[in-house]
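Okay, so here's the structure we're looking at.
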Amino acid sequence: MKLVIGVKAPGYGKDNWDLDPADYVDVDPAKESVELELGDKYDGKSIDKLTLALKKVGASITINKVVFVKQNGDEEIQSTSASGEVKQVTATPWFEFTQWNMQYLCDKTCTLLTYTKSAEESQKYVIEFAEPTKDALQWLPMAVTAGGDEVPAYIGIPVGSEKAELELNSEIEFTKDQAPVEWTSIKSIALQSNCAAGATQTVKIKSAKRIITNTTTGISKVENLEVAKDGKCFNLAGQQVGKGYKGIVIKNGKKMVIK
């Protein structure tokens, strides 16, 4: 992996991908974090390019969070997105949202969840929050037309919700320019933040499931999509440790360093 950070040069885009100034840092895959201290060459400039590039086809990576530490010590959580031939399947039960950040729903194999209009079934998604939501959220299913156009729908989730439900069936309506469109399938289902610009909200998911019902027989099956972790920390000897512990710990099945 390589971390690319810099300022887009004049005319950036299309055939010009130059950065000035820029830094290119090789990332050790054995490490759980990477840090880059910005030099004087960035004084007075606005950084508008921060990319983590994977060098291998089929590689996967889980990004916990990206933090920008200001000179006064304040930490600012940065949003992330995927581009190119990438399937973004981030799925964590406790995550931080800035405006328009989204979390795609996937199954246990990290395959994005889909729906086909012609299928003789309906799908109901139920998310239980570990605590009531504190800011605006919305469902974002992405439909696809026969011509390949992608059309989103935005379905609000009230602030203070302890549970959110979304039902997909052949009757759900998608619109473009305020006019209904004929769609054939839904390529992804996401949970998206609709908070104000500059705001950050923490969303804790207790559980998530999909209920698939055969519309002919009425038979349903339930699939668990995500289960919240308990957040307890253990040292390498398997002993539970408290919040004041410093060093390598195992939390939710992953190793991390607490300084």
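Residues are referred to by chain and number: the chain letter is A, B, ... according to the order shown in the structure tokens, the number counts from 1 in that chain, and ligands are numbered separately from 1 in the order shown.
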**Message:** Run DSSP on the backbone and tell me which residues of segment 99-243 of chain A come out as strand (DSSP E); list them as a PyMOL selection string.
**Reply:** chain A and resi 102-104+115-116+121-129+137-145+150-152+155-157+163-168+175-176+179-180+183-193+201-214+220-227+233-234+240-241
Just want the 9 Å neighbourhood of Ile211 of chain A, counted on only C-alpha atoms, with same-chain residues fewer than 2 positions away dropped. Output as a PDB file with N, CA and C atoms, in the first residue's frame.
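around31.pdb written:
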```pdb
ATOM      1  N   SER A 122     -39.914 -10.227  -0.970  1.00  0.00           N
ATOM      2  CA  SER A 122     -39.728  -8.894  -0.399  1.00  0.00           C
ATOM      3  C   SER A 122     -38.610  -8.993   0.631  1.00  0.00           C
ATOM      4  N   GLN A 123     -37.940  -7.892   0.868  1.00  0.00           N
ATOM      5  CA  GLN A 123     -36.859  -7.856   1.850  1.00  0.00           C
ATOM      6  C   GLN A 123     -37.143  -6.742   2.856  1.00  0.00           C
ATOM      7  N   LYS A 124     -36.992  -7.086   4.123  1.00  0.00           N
ATOM      8  CA  LYS A 124     -37.154  -6.089   5.174  1.00  0.00           C
ATOM      9  C   LYS A 124     -35.865  -6.008   5.976  1.00  0.00           C
ATOM     10  N   TYR A 125     -35.325  -4.809   6.095  1.00  0.00           N
ATOM     11  CA  TYR A 125     -34.097  -4.579   6.851  1.00  0.00           C
ATOM     12  C   TYR A 125     -34.451  -3.916   8.173  1.00  0.00           C
ATOM     13  N   VAL A 126     -33.893  -4.465   9.247  1.00  0.00           N
ATOM     14  CA  VAL A 126     -34.159  -3.937  10.587  1.00  0.00           C
ATOM     15  C   VAL A 126     -32.824  -3.693  11.283  1.00  0.00           C
ATOM     16  N   LYS A 209     -30.459  -7.034  10.749  1.00  0.00           N
ATOM     17  CA  LYS A 209     -30.912  -8.281  10.129  1.00  0.00           C
ATOM     18  C   LYS A 209     -31.722  -7.988   8.873  1.00  0.00           C
ATOM     19  N   THR A 213     -38.922 -12.608   2.552  1.00  0.00           N
ATOM     20  CA  THR A 213     -40.211 -13.293   2.525  1.00  0.00           C
ATOM     21  C   THR A 213     -40.585 -13.652   1.093  1.00  0.00           C
ATOM     22  N   SER A 220     -40.839 -16.937   5.427  1.00  0.00           N
ATOM     23  CA  SER A 220     -39.781 -15.954   5.655  1.00  0.00           C
ATOM     24  C   SER A 220     -38.541 -16.615   6.252  1.00  0.00           C
ATOM     25  N   LYS A 221     -37.394 -16.014   5.993  1.00  0.00           N
ATOM     26  CA  LYS A 221     -36.158 -16.424   6.650  1.00  0.00           C
ATOM     27  C   LYS A 221     -35.431 -15.171   7.112  1.00  0.00           C
ATOM     28  N   VAL A 222     -34.700 -15.296   8.206  1.00  0.00           N
ATOM     29  CA  VAL A 222     -34.016 -14.157   8.817  1.00  0.00           C
ATOM     30  C   VAL A 222     -32.510 -14.348   8.693  1.00  0.00           C
ATOM     31  N   GLU A 223     -31.819 -13.304   8.243  1.00  0.00           N
ATOM     32  CA  GLU A 223     -30.361 -13.319   8.148  1.00  0.00           C
ATOM     33  C   GLU A 223     -29.793 -12.231   9.050  1.00  0.00           C
ATOM     34  N   ASN A 224     -28.881 -12.590   9.939  1.00  0.00           N
ATOM     35  CA  ASN A 224     -28.195 -11.598  10.749  1.00  0.00           C
ATOM     36  C   ASN A 224     -27.073 -10.984   9.926  1.00  0.00           C
TER      37      ASN A 224
END
```
**Request:** State, in Å with one decimal place, the distance from atom CA of Lys204 of chain A to atom CA of Gly156 of chain A.
**Result:**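 So the answer is 17.5 Å.
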**Message:** What's around segment 215-219 of chain A at 10 Å? Count only C-alpha atoms, leave out sequence neighbours fewer than 5 positions away in its own chain, and write the answer as a PyMOL selection string.
**Reply:** chain A and resi 119-122+169
Please, could you write that set of residues out with N, CA and C atoms as a short mmCIF file (atom, residue, chain, number, x, y, z; two decimals), in the first residue's frame?
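Result file follows (selection-v4.cif):
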```
data_model
loop_
_atom_site.label_atom_id
_atom_site.label_comp_id
_atom_site.auth_asym_id
_atom_site.auth_seq_id
_atom_site.Cartn_x
_atom_site.Cartn_y
_atom_site.Cartn_z
N ALA A 119 -37.86 -10.74 -8.70
CA ALA A 119 -37.84 -11.86 -7.76
C ALA A 119 -39.16 -11.92 -6.99
N GLU A 120 -39.61 -13.12 -6.71
CA GLU A 120 -40.86 -13.30 -5.97
C GLU A 120 -40.59 -13.23 -4.47
N GLU A 121 -40.10 -12.10 -4.04
CA GLU A 121 -39.78 -11.94 -2.62
C GLU A 121 -39.81 -10.47 -2.25
N SER A 122 -39.91 -10.23 -0.97
CA SER A 122 -39.73 -8.89 -0.40
C SER A 122 -38.61 -8.99 0.63
N ASN A 169 -39.62 -3.97 -2.01
CA ASN A 169 -40.49 -4.84 -2.80
C ASN A 169 -40.65 -4.21 -4.17
#
```
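Taking atom CA of Asp15 of chain A as the reference point, atom CA of Ile47 of chain A is found at 20.3 Å.
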Using 8 Å as the limit and counting only C-alpha atoms, can you tabulate each residue of segment 164-239 of chain A that touches segment 134-155 of chain A, with its shortest atom-to-atom distance in Å and the two atoms involved, as JSON lines?
```
{"residue": "A:Leu166", "atom": "CA", "partner": "A:Trp139", "partner_atom": "CA", "distance": 7.5}
{"residue": "A:Phe174", "atom": "CA", "partner": "A:Ala153", "partner_atom": "CA", "distance": 5.9}
{"residue": "A:Thr175", "atom": "CA", "partner": "A:Val151", "partner_atom": "CA", "distance": 7.2}
{"residue": "A:Lys176", "atom": "CA", "partner": "A:Val151", "partner_atom": "CA", "distance": 6.9}
{"residue": "A:Val181", "atom": "CA", "partner": "A:Thr145", "partner_atom": "CA", "distance": 7.7}
{"residue": "A:Glu182", "atom": "CA", "partner": "A:Thr145", "partner_atom": "CA", "distance": 6.2}
{"residue": "A:Trp183", "atom": "CA", "partner": "A:Thr145", "partner_atom": "CA", "distance": 4.2}
{"residue": "A:Thr184", "atom": "CA", "partner": "A:Thr145", "partner_atom": "CA", "distance": 5.4}
{"residue": "A:Ser185", "atom": "CA", "partner": "A:Val144", "partner_atom": "CA", "distance": 5.4}
{"residue": "A:Ile186", "atom": "CA", "partner": "A:Ala143", "partner_atom": "CA", "distance": 4.2}
{"residue": "A:Lys187", "atom": "CA", "partner": "A:Met142", "partner_atom": "CA", "distance": 5.8}
{"residue": "A:Ser188", "atom": "CA", "partner": "A:Met142", "partner_atom": "CA", "distance": 5.5}
{"residue": "A:Ile189", "atom": "CA", "partner": "A:Pro141", "partner_atom": "CA", "distance": 4.3}
{"residue": "A:Ala190", "atom": "CA", "partner": "A:Leu140", "partner_atom": "CA", "distance": 5.0}
{"residue": "A:Leu191", "atom": "CA", "partner": "A:Trp139", "partner_atom": "CA", "distance": 4.9}
{"residue": "A:Gln192", "atom": "CA", "partner": "A:Gln138", "partner_atom": "CA", "distance": 5.3}
{"residue": "A:Ser193", "atom": "CA", "partner": "A:Leu137", "partner_atom": "CA", "distance": 4.6}
{"residue": "A:Asn194", "atom": "CA", "partner": "A:Ala136", "partner_atom": "CA", "distance": 4.9}
{"residue": "A:Cys195", "atom": "CA", "partner": "A:Ala136", "partner_atom": "CA", "distance": 5.2}
{"residue": "A:Gln201", "atom": "CA", "partner": "A:Asp135", "partner_atom": "CA", "distance": 6.6}
```
The selected residues should be written to file as a CSV table (one decimal), in the first residue's frame (atoms: C-alpha atoms).
```
chain,number,residue,atom,x,y,z
A,166,LEU,CA,-36.7,-0.5,5.4
A,174,PHE,CA,-37.6,5.7,-7.3
A,175,THR,CA,-37.7,9.1,-8.9
A,176,LYS,CA,-35.4,11.2,-11.1
A,181,VAL,CA,-38.5,5.7,-13.2
A,182,GLU,CA,-38.7,2.1,-14.1
A,183,TRP,CA,-36.0,0.1,-12.3
A,184,THR,CA,-35.0,-3.5,-12.5
A,185,SER,CA,-32.8,-4.0,-9.4
A,186,ILE,CA,-31.2,-2.5,-6.4
A,187,LYS,CA,-27.4,-2.7,-6.4
A,188,SER,CA,-26.7,-1.6,-2.8
A,189,ILE,CA,-28.4,-0.5,0.5
A,190,ALA,CA,-26.6,2.0,2.7
A,191,LEU,CA,-27.1,3.9,5.9
A,192,GLN,CA,-26.2,7.6,5.2
A,193,SER,CA,-25.6,10.6,7.5
A,194,ASN,CA,-27.7,13.7,6.8
A,195,CYS,CA,-26.1,15.8,9.6
A,201,GLN,CA,-22.2,11.9,14.8
```
**Message:** Please compute the atom CA of Tyr104 of chain A-atom CA of Gly13 of chain A distance, one decimal, in Å.
**Reply:**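 So the answer is 27.7 Å.
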**Request:** Write out as a PyMOL selection string the residues lying within 7 Å of Glu96 of chain A, counting only C-alpha atoms and excluding same-chain residues fewer than 4 positions away.
**Result:** chain A and resi 200-203
